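S.K.: To start, I am sharing the structure in question, which I have written as structure tokens.
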Amino acid sequence: MAAISPRWESALYDETAAARLSGELGVPEVVARLLCQRGLGEPDAAARFLDPRLEHLHDPMALAGMGPTVERLLRAVAGRERIAVHGDYDVDGITSTVIVRRALELLGADVVHYIPERLKDGYGLQPAAIDRLHAEGVAVILSVDCGIRGAEAALRARELGVDLIITDHHEPDAVLPAAFAVINPKRSDCAYPDKMLAGVGVALKVVQALCSRTGHDNWLPGFVKIAAIGTLADVVPLVGENRVIAKVGLELLSKGPHKVGLRALLEVSGLLGKTIDSYHISFLLAPRVNAAGRMSTPDIATKLLLAHDEAFGDEARALAEQLDAENRRRQEEEAIILAAARKIVQTDPDVGARSILVVAGEGWHRGVIGIVASKLVDAFHRPAIVLSIDGDTAHGSCRSIHAFDMLGALERCAGLLTRFGGHRQAAGLTLEAAQIRRLRLAVNEVADESLGPDDLMPRLRIDADLGFKAISGSVAAGIASLAPFGAGNPRPVFATRGVEIVDGPRALKERHLKMTLRQDGRLFRAVAWRAAERRGYLDEHRRAVDIAFSLEQNQYNGEAYVELTLADFKAPTT
């Protein structure tokens, strides 16, 4: 729950359209309302959203650059030319690398992969990597989830006679790198209908095209479940093709069977044999994959996900346990840095009183500063830049709020930066440590032009009022059919007033609260995560409290039941 109490804001919708949709699709009216609020008021669009299928994926050849890419890759396969897949060290980049390399292997290619290490090699496609791969006899380099701003690397590849194919989803510069081919749906000259794919989504389109061209469409589902991990981890809008990839992929991850590497990862994450949802990916599985690139080498996770031969079972289990250990180490580092960063925000007015929080520390582990930045945004509802100082250089990770374009702000501060790149809401940068104070002033000058106090007030979107009498099994099932939830398709939040606390609240693991609530004679169990410090407030208002909540379908001893997850609560309005 947010450290700052959010303002509840009711989402609008077209009542007539919702009533029509409810009748035509046979869904509860509250579900029809949720669909309308998500821009799915037309029955055909709503039906496709509720039942996404692989057939709904667009033709990959509609992507600019895909034709030459497929032809060049297949020519390399036929001629036994060495191909290198150049990835990135986060979940999106690792899963991208895995699916493209595996597809090429299945086609009989001579293929290797290369993923830079965060602390040693830095971010993105670099000329040094081109030199290294060329020296290893590579004739074709295919980048995934990186390279769209790799102009120098593209020129180096051309000098060496290496065909560089860039696939990426980050924002391109005005001029594309001079590569053999560039595939990015955000290219200004690309008419592809779905612009918001994750890096692994773009990589999947390459795999889809290769499968289609070679008559192996039956391979695609196996790649989709890996692509779902990267898509959900990269927090792209879960609509259009991203929803197809995420929903179908989660179903396949839940169903199995799996190759030995993926099975070991699911087992160490406690997910093997379970129905897997977006929460499990974001908070259990993806952090373990990410921990490889954050704390050690991304090759641990890449080798694990590439493992398909049952003879490597022991090795796969060892790699999975290594990821688990790295994730625990990541959690420890993160807790230390987050505590230090919060203290700076709360005690230094030059930092805490500004619209953008810019904090820095000597030797902060660069592998976790992005997570720390995200948690500062959650806690203070302000954009955050977290910098790790290493001698004369500072490496930073940025996260933003919806109202502020972080990449645009960095572009206006480019004179202070050695390097930067990313998205509107997440970016990375490098600068001289001596320039940190100037960056703090400059980026806040940009923010002060566009951000006001209202923008910095956290808001809680209320999708609908929903009293306890209206909560039924069919309503809960209908809401669950909208999953997976995430960016672009937020988990629905409902509100109701005058609820009585009849049992609890009781502390759960010292951080959370459990309780039983009653309204109009109906009882529901409820959990308020990270709300232990508000226990006294609930005790004070236990006879009547207004709640904002989500519905969760759970099972116990084979029995299904509905539980409430509290997003916020407050004293009743009069």
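Ordering of the structure tokens sets the chain letters (A, B, ...); residue numbers start at 1 within each chain; ligands are numbered from 1 in the order shown.
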Just want the 9 Å neighbourhood of Asp234 (chain A), counted on only C-alpha atoms, with same-chain residues fewer than 3 positions away dropped. Output as a ChimeraX atom specification.

M.R.: /A:90-92,198-199,229-231

S.K.: If you run DSSP on the backbone, which residues of region 138-380 of chain A are strand (DSSP E or B), as a ChimeraX atom specification?

M.R.: /A:138-144,163-167,181-183,357-362

S.K.: Residues as selected, all heavy atoms, written as a tab-separated table (two decimals), in the first residue's frame, can you do that?

M.R.:
```
chain	number	residue	atom	x	y	z
A	138	VAL	N	32.16	-15.03	-36.81
A	138	VAL	CA	30.72	-14.75	-37.01
A	138	VAL	C	30.54	-13.91	-38.27
A	138	VAL	O	31.22	-12.91	-38.47
A	138	VAL	CB	30.15	-14.02	-35.78
A	138	VAL	CG1	28.75	-13.48	-36.07
A	138	VAL	CG2	30.13	-14.96	-34.58
A	139	ALA	N	29.60	-14.34	-39.11
A	139	ALA	CA	29.30	-13.62	-40.34
A	139	ALA	C	28.04	-12.78	-40.23
A	139	ALA	O	27.88	-11.77	-40.93
A	139	ALA	CB	29.15	-14.60	-41.50
A	140	VAL	N	27.11	-13.20	-39.36
A	140	VAL	CA	25.83	-12.50	-39.18
A	140	VAL	C	25.60	-12.31	-37.69
A	140	VAL	O	25.68	-13.27	-36.91
A	140	VAL	CB	24.65	-13.29	-39.79
A	140	VAL	CG1	23.34	-12.52	-39.58
A	140	VAL	CG2	24.87	-13.56	-41.27
A	141	ILE	N	25.32	-11.09	-37.29
A	141	ILE	CA	24.97	-10.80	-35.89
A	141	ILE	C	23.53	-10.32	-35.86
A	141	ILE	O	23.16	-9.39	-36.60
A	141	ILE	CB	25.89	-9.72	-35.28
A	141	ILE	CG1	27.34	-10.19	-35.27
A	141	ILE	CG2	25.44	-9.37	-33.86
A	141	ILE	CD1	28.33	-9.12	-34.83
A	142	LEU	N	22.73	-10.95	-35.02
A	142	LEU	CA	21.34	-10.54	-34.83
A	142	LEU	C	21.20	-10.03	-33.41
A	142	LEU	O	21.36	-10.79	-32.45
A	142	LEU	CB	20.39	-11.72	-35.06
A	142	LEU	CG	18.91	-11.47	-34.79
A	142	LEU	CD1	18.31	-10.61	-35.90
A	142	LEU	CD2	18.14	-12.77	-34.68
A	143	SER	N	20.95	-8.74	-33.24
A	143	SER	CA	20.74	-8.20	-31.89
A	143	SER	C	19.28	-8.35	-31.50
A	143	SER	O	18.39	-8.26	-32.35
A	143	SER	CB	21.14	-6.72	-31.83
A	143	SER	OG	20.11	-5.89	-32.35
A	144	VAL	N	19.05	-8.59	-30.22
A	144	VAL	CA	17.69	-8.67	-29.69
A	144	VAL	C	17.59	-7.78	-28.46
A	144	VAL	O	18.48	-7.77	-27.62
A	144	VAL	CB	17.28	-10.13	-29.35
A	144	VAL	CG1	17.09	-10.95	-30.61
A	144	VAL	CG2	18.30	-10.80	-28.43
A	163	ASP	N	27.30	-8.82	-41.44
A	163	ASP	CA	25.92	-8.38	-41.62
A	163	ASP	C	25.25	-8.28	-40.26
A	163	ASP	O	25.02	-9.30	-39.59
A	163	ASP	CB	25.16	-9.36	-42.52
A	163	ASP	CG	25.57	-9.22	-43.99
A	163	ASP	OD1	26.04	-8.13	-44.37
A	163	ASP	OD2	25.43	-10.20	-44.74
A	164	LEU	N	24.93	-7.07	-39.85
A	164	LEU	CA	24.29	-6.81	-38.56
A	164	LEU	C	22.80	-6.59	-38.76
A	164	LEU	O	22.39	-5.71	-39.52
A	164	LEU	CB	24.91	-5.58	-37.90
A	164	LEU	CG	24.23	-5.07	-36.62
A	164	LEU	CD1	24.32	-6.11	-35.51
A	164	LEU	CD2	24.84	-3.74	-36.18
A	165	ILE	N	22.01	-7.39	-38.07
A	165	ILE	CA	20.55	-7.25	-38.08
A	165	ILE	C	20.15	-6.81	-36.68
A	165	ILE	O	20.44	-7.50	-35.69
A	165	ILE	CB	19.85	-8.57	-38.44
A	165	ILE	CG1	20.26	-9.02	-39.85
A	165	ILE	CG2	18.34	-8.43	-38.34
A	165	ILE	CD1	19.88	-10.45	-40.16
A	166	ILE	N	19.50	-5.67	-36.57
A	166	ILE	CA	19.08	-5.14	-35.28
A	166	ILE	C	17.59	-5.38	-35.09
A	166	ILE	O	16.78	-5.00	-35.94
A	166	ILE	CB	19.38	-3.63	-35.19
A	166	ILE	CG1	20.90	-3.39	-35.19
A	166	ILE	CG2	18.74	-3.01	-33.94
A	166	ILE	CD1	21.29	-1.93	-35.28
A	167	THR	N	17.23	-6.03	-33.99
A	167	THR	CA	15.82	-6.11	-33.59
A	167	THR	C	15.71	-5.51	-32.20
A	167	THR	O	16.49	-5.84	-31.31
A	167	THR	CB	15.28	-7.57	-33.59
A	167	THR	OG1	15.75	-8.27	-32.43
A	167	THR	CG2	15.72	-8.31	-34.84
A	181	ALA	N	19.82	-4.77	-41.65
A	181	ALA	CA	18.36	-4.62	-41.50
A	181	ALA	C	18.08	-4.16	-40.07
A	181	ALA	O	18.84	-4.47	-39.15
A	181	ALA	CB	17.64	-5.94	-41.78
A	182	VAL	N	17.01	-3.41	-39.91
A	182	VAL	CA	16.57	-2.94	-38.60
A	182	VAL	C	15.09	-3.26	-38.46
A	182	VAL	O	14.27	-2.79	-39.25
A	182	VAL	CB	16.79	-1.43	-38.42
A	182	VAL	CG1	16.26	-0.96	-37.06
A	182	VAL	CG2	18.27	-1.06	-38.56
A	183	ILE	N	14.75	-4.06	-37.44
A	183	ILE	CA	13.35	-4.38	-37.16
A	183	ILE	C	12.98	-3.76	-35.82
A	183	ILE	O	13.54	-4.11	-34.78
A	183	ILE	CB	13.13	-5.91	-37.11
A	183	ILE	CG1	13.51	-6.56	-38.44
A	183	ILE	CG2	11.68	-6.23	-36.76
A	183	ILE	CD1	13.41	-8.08	-38.43
A	357	LEU	N	13.43	12.97	-7.67
A	357	LEU	CA	14.37	12.54	-6.64
A	357	LEU	C	15.64	12.04	-7.32
A	357	LEU	O	15.60	11.08	-8.08
A	357	LEU	CB	13.75	11.43	-5.79
A	357	LEU	CG	12.39	11.73	-5.16
A	357	LEU	CD1	11.84	10.48	-4.48
A	357	LEU	CD2	12.49	12.89	-4.18
A	358	VAL	N	16.76	12.70	-7.05
A	358	VAL	CA	18.05	12.28	-7.59
A	358	VAL	C	18.96	11.94	-6.41
A	358	VAL	O	19.40	12.82	-5.68
A	358	VAL	CB	18.69	13.38	-8.47
A	358	VAL	CG1	20.02	12.87	-9.05
A	358	VAL	CG2	17.74	13.78	-9.60
A	359	VAL	N	19.19	10.65	-6.20
A	359	VAL	CA	20.00	10.19	-5.07
A	359	VAL	C	21.21	9.45	-5.59
A	359	VAL	O	21.17	8.80	-6.64
A	359	VAL	CB	19.20	9.30	-4.11
A	359	VAL	CG1	18.05	10.06	-3.48
A	359	VAL	CG2	18.66	8.07	-4.82
A	360	ALA	N	22.31	9.52	-4.84
A	360	ALA	CA	23.55	8.88	-5.28
A	360	ALA	C	24.30	8.32	-4.09
A	360	ALA	O	24.19	8.85	-2.97
A	360	ALA	CB	24.43	9.90	-6.01
A	361	GLY	N	25.03	7.24	-4.31
A	361	GLY	CA	25.83	6.65	-3.25
A	361	GLY	C	27.08	5.99	-3.80
A	361	GLY	O	27.06	5.42	-4.89
A	362	GLU	N	28.15	6.06	-3.05
A	362	GLU	CA	29.41	5.42	-3.43
A	362	GLU	C	29.25	3.90	-3.37
A	362	GLU	O	28.82	3.35	-2.36
A	362	GLU	CB	30.53	5.85	-2.48
A	362	GLU	CG	30.95	7.30	-2.60
A	362	GLU	CD	31.97	7.50	-3.72
A	362	GLU	OE1	32.39	6.49	-4.33
A	362	GLU	OE2	32.33	8.66	-3.96
```

S.K.: Near Leu431 (chain A), counting only C-alpha atoms, which residues have an atom at most 10 Å away, once you skip same-chain residues fewer than 3 positions from it, shown as a PyMOL selection string?

M.R.: chain A and resi 387+389+392-396+414-420+434-436+439

S.K.: For CA of Pro458 (chain A) and CA of Pro6 (chain A), quote the distance in Å rounded to one decimal.

M.R.: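 Computing the Euclidean distance for CA of Pro458 (chain A) and CA of Pro6 (chain A) yields 4.7 Å.
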
S.K.: Please identify all polymer residues within 7 Å of region 381-385 of chain A, counting only C-alpha atoms, omitting same-chain residues fewer than 4 positions from it, and present them as an mmCIF file with N, CA, C and O atoms, in the first residue's frame.

M.R.:
```cif
data_model
loop_
_atom_site.group_PDB
_atom_site.id
_atom_site.type_symbol
_atom_site.label_atom_id
_atom_site.label_comp_id
_atom_site.auth_asym_id
_atom_site.auth_seq_id
_atom_site.Cartn_x
_atom_site.Cartn_y
_atom_site.Cartn_z
ATOM 1 N N SER A 355 10.874 17.902 -7.381
ATOM 2 C CA SER A 355 9.899 17.094 -8.123
ATOM 3 C C SER A 355 10.478 15.752 -8.554
ATOM 4 O O SER A 355 9.766 14.747 -8.628
ATOM 5 N N ILE A 356 11.778 15.750 -8.888
ATOM 6 C CA ILE A 356 12.451 14.506 -9.257
ATOM 7 C C ILE A 356 13.486 14.184 -8.186
ATOM 8 O O ILE A 356 14.327 15.020 -7.845
ATOM 9 N N LEU A 357 13.429 12.972 -7.670
ATOM 10 C CA LEU A 357 14.367 12.545 -6.638
ATOM 11 C C LEU A 357 15.639 12.039 -7.316
ATOM 12 O O LEU A 357 15.598 11.076 -8.083
ATOM 13 N N VAL A 358 16.760 12.705 -7.045
ATOM 14 C CA VAL A 358 18.048 12.281 -7.593
ATOM 15 C C VAL A 358 18.955 11.937 -6.413
ATOM 16 O O VAL A 358 19.400 12.821 -5.680
ATOM 17 N N VAL A 359 19.188 10.647 -6.199
ATOM 18 C CA VAL A 359 20.000 10.194 -5.072
ATOM 19 C C VAL A 359 21.213 9.446 -5.591
ATOM 20 O O VAL A 359 21.170 8.802 -6.643
ATOM 21 N N ALA A 373 15.083 2.554 -7.649
ATOM 22 C CA ALA A 373 14.395 3.695 -8.260
ATOM 23 C C ALA A 373 12.891 3.440 -8.341
ATOM 24 O O ALA A 373 12.076 4.322 -8.044
ATOM 25 N N LEU A 376 11.338 3.860 -4.916
ATOM 26 C CA LEU A 376 11.231 5.263 -4.523
ATOM 27 C C LEU A 376 10.022 5.909 -5.204
ATOM 28 O O LEU A 376 9.303 6.710 -4.586
ATOM 29 N N VAL A 377 9.795 5.584 -6.461
ATOM 30 C CA VAL A 377 8.611 6.102 -7.166
ATOM 31 C C VAL A 377 7.346 5.641 -6.462
ATOM 32 O O VAL A 377 6.414 6.422 -6.238
ATOM 33 N N GLY A 396 23.524 5.526 -13.639
ATOM 34 C CA GLY A 396 22.209 5.769 -13.075
ATOM 35 C C GLY A 396 21.105 4.964 -13.713
ATOM 36 O O GLY A 396 21.193 4.545 -14.879
ATOM 37 N N SER A 397 20.062 4.760 -12.945
ATOM 38 C CA SER A 397 18.844 4.115 -13.431
ATOM 39 C C SER A 397 17.674 5.009 -13.066
ATOM 40 O O SER A 397 17.597 5.524 -11.936
ATOM 41 N N CYS A 398 16.774 5.229 -14.011
ATOM 42 C CA CYS A 398 15.678 6.192 -13.844
ATOM 43 C C CYS A 398 14.325 5.483 -13.981
ATOM 44 O O CYS A 398 14.154 4.632 -14.849
ATOM 45 N N ARG A 399 13.381 5.888 -13.153
ATOM 46 C CA ARG A 399 12.002 5.439 -13.281
ATOM 47 C C ARG A 399 11.100 6.656 -13.122
ATOM 48 O O ARG A 399 11.426 7.601 -12.400
ATOM 49 N N SER A 400 9.942 6.630 -13.778
ATOM 50 C CA SER A 400 9.109 7.822 -13.775
ATOM 51 C C SER A 400 7.665 7.498 -13.441
ATOM 52 O O SER A 400 7.276 6.337 -13.289
ATOM 53 N N ILE A 401 6.868 8.560 -13.336
ATOM 54 C CA ILE A 401 5.422 8.449 -13.177
ATOM 55 C C ILE A 401 4.781 8.703 -14.528
ATOM 56 O O ILE A 401 5.430 9.181 -15.469
ATOM 57 N N LEU A 456 1.860 15.105 -8.734
ATOM 58 C CA LEU A 456 2.627 14.342 -7.761
ATOM 59 C C LEU A 456 1.752 13.726 -6.671
ATOM 60 O O LEU A 456 2.262 13.144 -5.713
ATOM 61 N N MET A 457 0.454 13.849 -6.851
ATOM 62 C CA MET A 457 -0.497 13.236 -5.915
ATOM 63 C C MET A 457 -0.862 11.840 -6.419
ATOM 64 O O MET A 457 -1.363 11.681 -7.532
ATOM 65 N N PRO A 458 -0.584 10.788 -5.636
ATOM 66 C CA PRO A 458 -0.958 9.443 -6.090
ATOM 67 C C PRO A 458 -2.468 9.293 -6.209
ATOM 68 O O PRO A 458 -3.228 9.879 -5.433
#
```

S.K.: Could you name the residues that touch Thr95 (chain A) at 10 Å or less, counting only C-alpha atoms, but leaving out those on the same chain fewer than 3 positions away, as a PyMOL selection string?

M.R.: chain A and resi 87-92+98-101+144-145+199-201+203-204+223+225-231+289+301-302+305-306
